[in-house]
Each structure stands twice: as structure tokens, then as C-alpha cells.
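Undergrad: What follows is a structure written as C-alpha cells; I'll ask about it next.
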Amino acid sequence: MKVQNFLSQVKERSKELWKYKIVKYAVIIHGVYFILSLILTLIFLRNNNDFKVYYDVGGVALNNLEDLYTAPYKWPFRYLPIASLLFIPFHLMGFDLGFIVFNVLNLFLNILICVILYKIIILIRADSHEKDEKRVIVYICIYMMSLPNLFNYVLGQINLYVTLLILLSLYIYLQCKGMKWEFLASVLLGISIIIKPITVFMIPFILIIHFDLINKKLKFDISRSFIRLVGIFLPISLNFLMFLMVPNLLDGFISANFTSAEPSQINHSFSITKLIINFFYFIGFTEEGVLALQMPVFFIIAIILSCIGFISFVVRRIPNHSLLYGYCFGIVIMFLCYFDSWDHHLLNLIPLLIMILFNLPRESSLTRKYIKPSIIFLSFFDLVFMGLFFVTGSFFPFNFASTIFLILIFYVLVKNSITKRN
């Protein structure tokens with residue numbers, strides 16, 4: 001009976017949403033993305049997509065785990081070793097069926113992401129915004145129509161798993177009270193790091209710490225912060241068991257992510273670190289010279305951005321829902337400092353920007369000048385500049401347009417943290 005009631009509610013809600021013209025456009029365009037991805041990948045790009053790497057990783061994890069980071073994949077496998085177990089079922093299905101099931105799951109995840117995104121926006125929306133849901137639906141549809149979704153489907157990427165866990169953990173933090181809910185939300189965030197370490201810079205921002213600049217008082221909720229850290233590190237710690245069981249996995253993970261020649265290759269990543277590495281090649285550095293500098297460059301940029309972001313967050317004057325901005329800080333810092341930040345990664349950021357748009361006052365200059373343009377650019381124009389890189393890369397190897405918008409977003413986060421709202 002409960003199932004019938006649920007299905008009836010879904011049907012009625014679907015009818016309500018279908019009355020919006022933009023919902024019809026979003027469903028049609030997103031459907032085209034999904035179908036086009038199946039055609040392109042299964043017919044033309046069988047050996048030139050990320051799912052092929054996941055598929056091969058599943059086979060290696062099943063048969064010879066020691067070779068997890070040394071097997072000859074199309075591109076290096078850079079995730080934590082526990083993540084490899086997730087790809088075993090898809091490997092057992094075979095490439096074609098595995099890819100279809102994988103992308104059907106991605107489609108279902110996107111539906112769940114939209115539902116949770118809607119719930120969070122309604123929860124954190126500032127009073128100055130319209131009380132109806134029309135504008136909320138418009139921006140959720142913009143997310144659904146965004147071109148990184150097409151890129152994600154074609155490549156067979158796992159960004160939507162991470163996005164769902166990010167939003168679900170944030171919703172629990174914001175909506176549910178009690179230590180058990182704090183712990184559960186943190187576990188979900190920890191699982192997201194296992195699936196893809198792109199959320200690792202979020203960890204400092206879940207600490208419940210605040211310095212009141214006016215009264216010069218530091219507030220630090222040690223018990224809740226401790227529970228959150230335990231929740232995050234509990235799933236991550238499972239990887240240390242694998243590192244102990246198979247010692248060469250740790251060396252392979254570090255090499256694949258930081259010390260090998262792969263992170264220092266010229267490519268279209270829009271991180272500051274990658275732009276600097278590309279500049280080194282541009283002015284004549286050898287690969288050996290770049291290898292000697294890639295880690296110092298990464299650490300310098302990561303430390304600078306992390307310190308600015310965390311200090312701004314600690315002294316924040318944001319009255320409510322500060323965790324939303326902490327999440328965004330973590331993602332933006334990761335995108336700007338890690339070697340390879342790709343266009344499909346933007347699916348982790350765009351929902352956070354949409355939520356910030358609704359949390360800031362309706363007529364905020366930060367929204368008008370920075371957040372709105374960033375959402376539109378990252379959703380629809382970022383891939384244009386990626387394509388431009390492949391045209392100009394031989395003589396001008398820089399994909400910096402998205403970098404500029406990410407820096408502007410970082411500026412908004414800092415300014416919003418240290419500026420007192422009316």
C-alpha cells in the first residue's frame with residue numbers, strides 16, 4: 001500500500017513538473033545526452049573512454065590485485081584501492097552490458113541528485129527569494145541540460161556517485177540533529193572520497209570551529225567535530241588494510257597521483273598547477289625538470305589556497321548554513337590545486353553553486369556578477385574552451401577560461417565569509 005501511495009505521488013508530481021516548458025526541454029535534452037553517449041561510446045569510442053579503464057580495473061582487482069596501479073590501462077588508475085572493488089560487477093557483465101548498466105545507474109543517480117538538490121534549496125533558500133518553486137526548477141533544469149552531463153555519460157565517469165553522496169551528506173548535516181546523523185553524514189562523505197578523492201579537501205571544513213572577530217572568542221565543538229572526523233576516516237581506513245595486505249599498492253597509489261611522469265604531462269586540465277606545468281614546457285623545460293618541480297608547485301598552491309579558504313571559513317560572518325560554503329571551498333580548492341581537473345568534474349560543483357545562488361540574498365551583487373555567470377559558463381561554455389585547447393595546444397597549451405571562473409568563485413566564497421550580511 002505504501003508503495004502504491006509513493007508511486008501515485010510520483011505520478012502526480014511528474015504531471016505538475018511537466019507543465020513547465022523548461023522541464024520538457026531538460027528531459028528531452030538529457031535524454032539525447034544519454035542515448036548519444038551509448039551510440040558514441042559503444043560504436044566509436046570503445047577504447048577511448050574512462051569506463052574502459054574502470055572495466056579493466058575490475059578485472060585486475062578480481063584476478064591480480066597487486067597490479068592495480070601498474071597494469072597497462074589506457075589512462076592511470078588514481079583512486080584508492082577499495083574503489084576498484086566497485087568495478088568488478090561491471091567487468092563480469094562484459095564491456096557492452098556493463099557500460100549500459102553503468103550509465104543507466106548514472107541516469108537514475110541524476111534523478112536522485114535533482115530531488116535532493118530541490119530539497120536542500122527549499123531548506124536553505126534566503127527569505128528574499130520568491131516563495132514559489134518556478135525559479136528553483138529552472139536552475140535544476142539548467143544543471144540537467146549542462147554539457148558536463150553529456151561528457152560524463154560518454155566517458156562513463158563516476159562523478160555522479162560523488163555528487164549524490166556530497167548532496168546527501170550535506171542534507172543530513174543541515175536537516176537532521178543528533179550525533180548519529182552527524183556520524184552518518186560523515187560516513188557518506190568518507191565513502192565519496194573512496195570512490196573519488198576529489199572531496200578530500202572538504203575534510204577541514206566540516207570541523208565545527210568559529211572565531212568571532214568582534215568579541216575575539218573562539219568556539220570549537222570538539223565532540224561533534226571528532227564524531228565527524230571519525231565518520232569520514234572510518235570508511236577511508238579500509239584502504240589501509242589493503243595497503244597492509246598488499247604493500248606495493250601504497251607506492252602505486254602515490255606514484256599514480258603525485259610522483260610519476262603522468263601528472264606532469266601537458267593536457268587540457270584547468271587547474272592552476274597544470275597551467276604552471278604547461279607553462280614550464282612552453283618555455284622549454286625538459287620532462288625531468290618538470291618532474292622535479294611538480295610536487296613543490298602542487299603543495300605551494302594547495303597550502304596557499306587552503307590557508308586562505310580555511311581562515312576565511314573560521315572567521316566567517318555567514319549567519320546560517322555555513323557548511324554549504326565549506327563544501328564549496330573544498331571542491332574549488334581541489335579543482336584549482338590538483339594536477340588534473342577535468343570538465344566532467346564540474347558536475348560536483350555546479351549543484352553547490354546553484355544552492356549558494358539561492359542562499360545568498362536575491363539581489364546580491366555576488367550572485368549577479370559572479371555566481372550566475374559561473375553557473376552558465378561552467379554548464380554550457382566550458383567545453384568550448386576545452387575544444388579550443390586541442391586546436392591551439394601545439395603552440396599555446398593553456399585552458400584557462402574555467403580557471404578564471406573558479407578563481408572568481410573562490411573570491412566570492414572568501415568575500416562572503418568575511419563580509420557581514422545585513
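Naming scheme: A, B, ... for chains in displayed order of the C-alpha cells; residues 1 onward per chain; ligands 1 onward as shown.
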I'd like the contact shell of range 295-300 of chain A - 9 Å cut-off, only C-alpha atoms, skipping same-chain residues fewer than 4 positions apart - returned as number ranges by chain.
TA: A: 258-259, 272-274, 276-277, 291, 304-305, 337-339
Undergrad: Name all residues at most 10 Å from Asp96 in chain A (count only C-alpha atoms; drop same-chain ones fewer than 5 positions away) and give them as a list of chain:residue names.
TA: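 After dropping sequence-adjacent residues, the list is A:Leu38, A:Thr41, A:Leu42, A:Ile43, A:Arg46, A:Phe90, A:His91, A:Val101, A:Phe102.
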Undergrad: Dump N, CA, C and O atoms for the selected residues as a CSV table (one decimal), in the first residue's frame?
TA:
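Result went into selection.csv, see below:
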```
chain,number,residue,atom,x,y,z
A,38,LEU,N,25.5,6.3,-25.4
A,38,LEU,CA,25.5,4.9,-25.8
A,38,LEU,C,26.0,4.7,-27.2
A,38,LEU,O,26.8,3.8,-27.4
A,41,THR,N,29.9,5.8,-27.5
A,41,THR,CA,30.9,5.0,-26.8
A,41,THR,C,30.9,3.6,-27.3
A,41,THR,O,32.0,3.0,-27.5
A,42,LEU,N,29.8,3.0,-27.5
A,42,LEU,CA,29.7,1.6,-27.9
A,42,LEU,C,30.1,1.3,-29.3
A,42,LEU,O,30.6,0.2,-29.7
A,43,ILE,N,30.0,2.4,-30.2
A,43,ILE,CA,30.4,2.2,-31.6
A,43,ILE,C,31.7,2.8,-31.9
A,43,ILE,O,32.5,2.2,-32.6
A,46,ARG,N,35.0,2.9,-28.0
A,46,ARG,CA,35.1,1.8,-27.1
A,46,ARG,C,36.4,1.7,-26.4
A,46,ARG,O,36.4,1.3,-25.2
A,90,PHE,N,30.8,-4.8,-13.0
A,90,PHE,CA,30.7,-4.3,-14.4
A,90,PHE,C,31.6,-5.1,-15.3
A,90,PHE,O,31.3,-5.3,-16.5
A,91,HIS,N,32.8,-5.5,-14.8
A,91,HIS,CA,33.7,-6.3,-15.6
A,91,HIS,C,33.0,-7.7,-15.9
A,91,HIS,O,33.2,-8.2,-17.0
A,101,VAL,N,24.5,-0.7,-18.2
A,101,VAL,CA,24.0,-0.7,-16.8
A,101,VAL,C,24.7,0.4,-16.1
A,101,VAL,O,24.0,1.1,-15.3
A,102,PHE,N,25.9,0.7,-16.3
A,102,PHE,CA,26.6,1.8,-15.6
A,102,PHE,C,26.0,3.1,-15.9
A,102,PHE,O,25.7,3.9,-15.0
```
Undergrad: Can I get the residues of range 85-162 of chain A within 10 Å of range 189-206 of chain A, each with the closest pair of atoms and their distance in Å to one decimal, using only C-alpha atoms, sorted chain first then ascending number, as JSON lines?
TA:
```
{"residue": "A:Leu86", "atom": "CA", "partner": "A:Ile195", "partner_atom": "CA", "distance": 8.4}
{"residue": "A:Ile158", "atom": "CA", "partner": "A:Ile195", "partner_atom": "CA", "distance": 7.9}
{"residue": "A:Asn159", "atom": "CA", "partner": "A:Lys196", "partner_atom": "CA", "distance": 7.9}
{"residue": "A:Tyr161", "atom": "CA", "partner": "A:Ser192", "partner_atom": "CA", "distance": 7.5}
{"residue": "A:Val162", "atom": "CA", "partner": "A:Ser192", "partner_atom": "CA", "distance": 5.1}
```
Undergrad: Could the residues in this selection be written to a file with C-alpha atoms, as a CSV table (one decimal), in the first residue's frame?
TA:
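New file result-v1.csv:
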```csv
chain,number,residue,atom,x,y,z
A,86,LEU,CA,33.1,-1.4,-7.2
A,158,ILE,CA,31.7,8.2,-11.7
A,159,ASN,CA,31.2,11.8,-10.8
A,161,TYR,CA,28.2,8.9,-7.4
A,162,VAL,CA,30.3,11.5,-5.7
```
Undergrad: I'd like the interatomic distance between CA of Gly289 in chain A and CA of Pro72 in chain A, to a tenth of an Å.
TA: 25.3 Å
Undergrad: May I have all residues of range 66-233 of chain A that DSSP, computed from the backbone, assigns to alpha helix (DSSP H), given as a VMD selection string?
TA: chain A and resid 88 to 93 95 to 124 134 to 145 147 to 155 159 to 175 179 to 195 222 to 233
Undergrad: Fewer than 3 positions away in the same chain doesn't count, so skip those; otherwise give me all residues within 9 Å of Phe329 in chain A, counting only C-alpha atoms, as an MDAnalysis selection string.
TA: chainID A and resid 201:202 205 306 309:310 313 324:326 332:334 409:410 413:414
Undergrad: Do you have, as CSV, the list of residues of range 262-329 of chain A lying at most 12 Å from range 122-136 of chain A, each with its nearest atom pair and that distance in Å to one decimal, counting only C-alpha atoms and ordered by chain then number?
TA:
```
residue,atom,partner,partner_atom,distance
A:Pro319,CA,A:Ala126,CA,11.2
A:Asn320,CA,A:Ile124,CA,8.4
A:His321,CA,A:Ile124,CA,7.0
A:Ser322,CA,A:Ile124,CA,10.4
A:Leu323,CA,A:Ile124,CA,11.1
A:Leu324,CA,A:Ile124,CA,9.3
A:Tyr325,CA,A:Ile124,CA,11.8
```
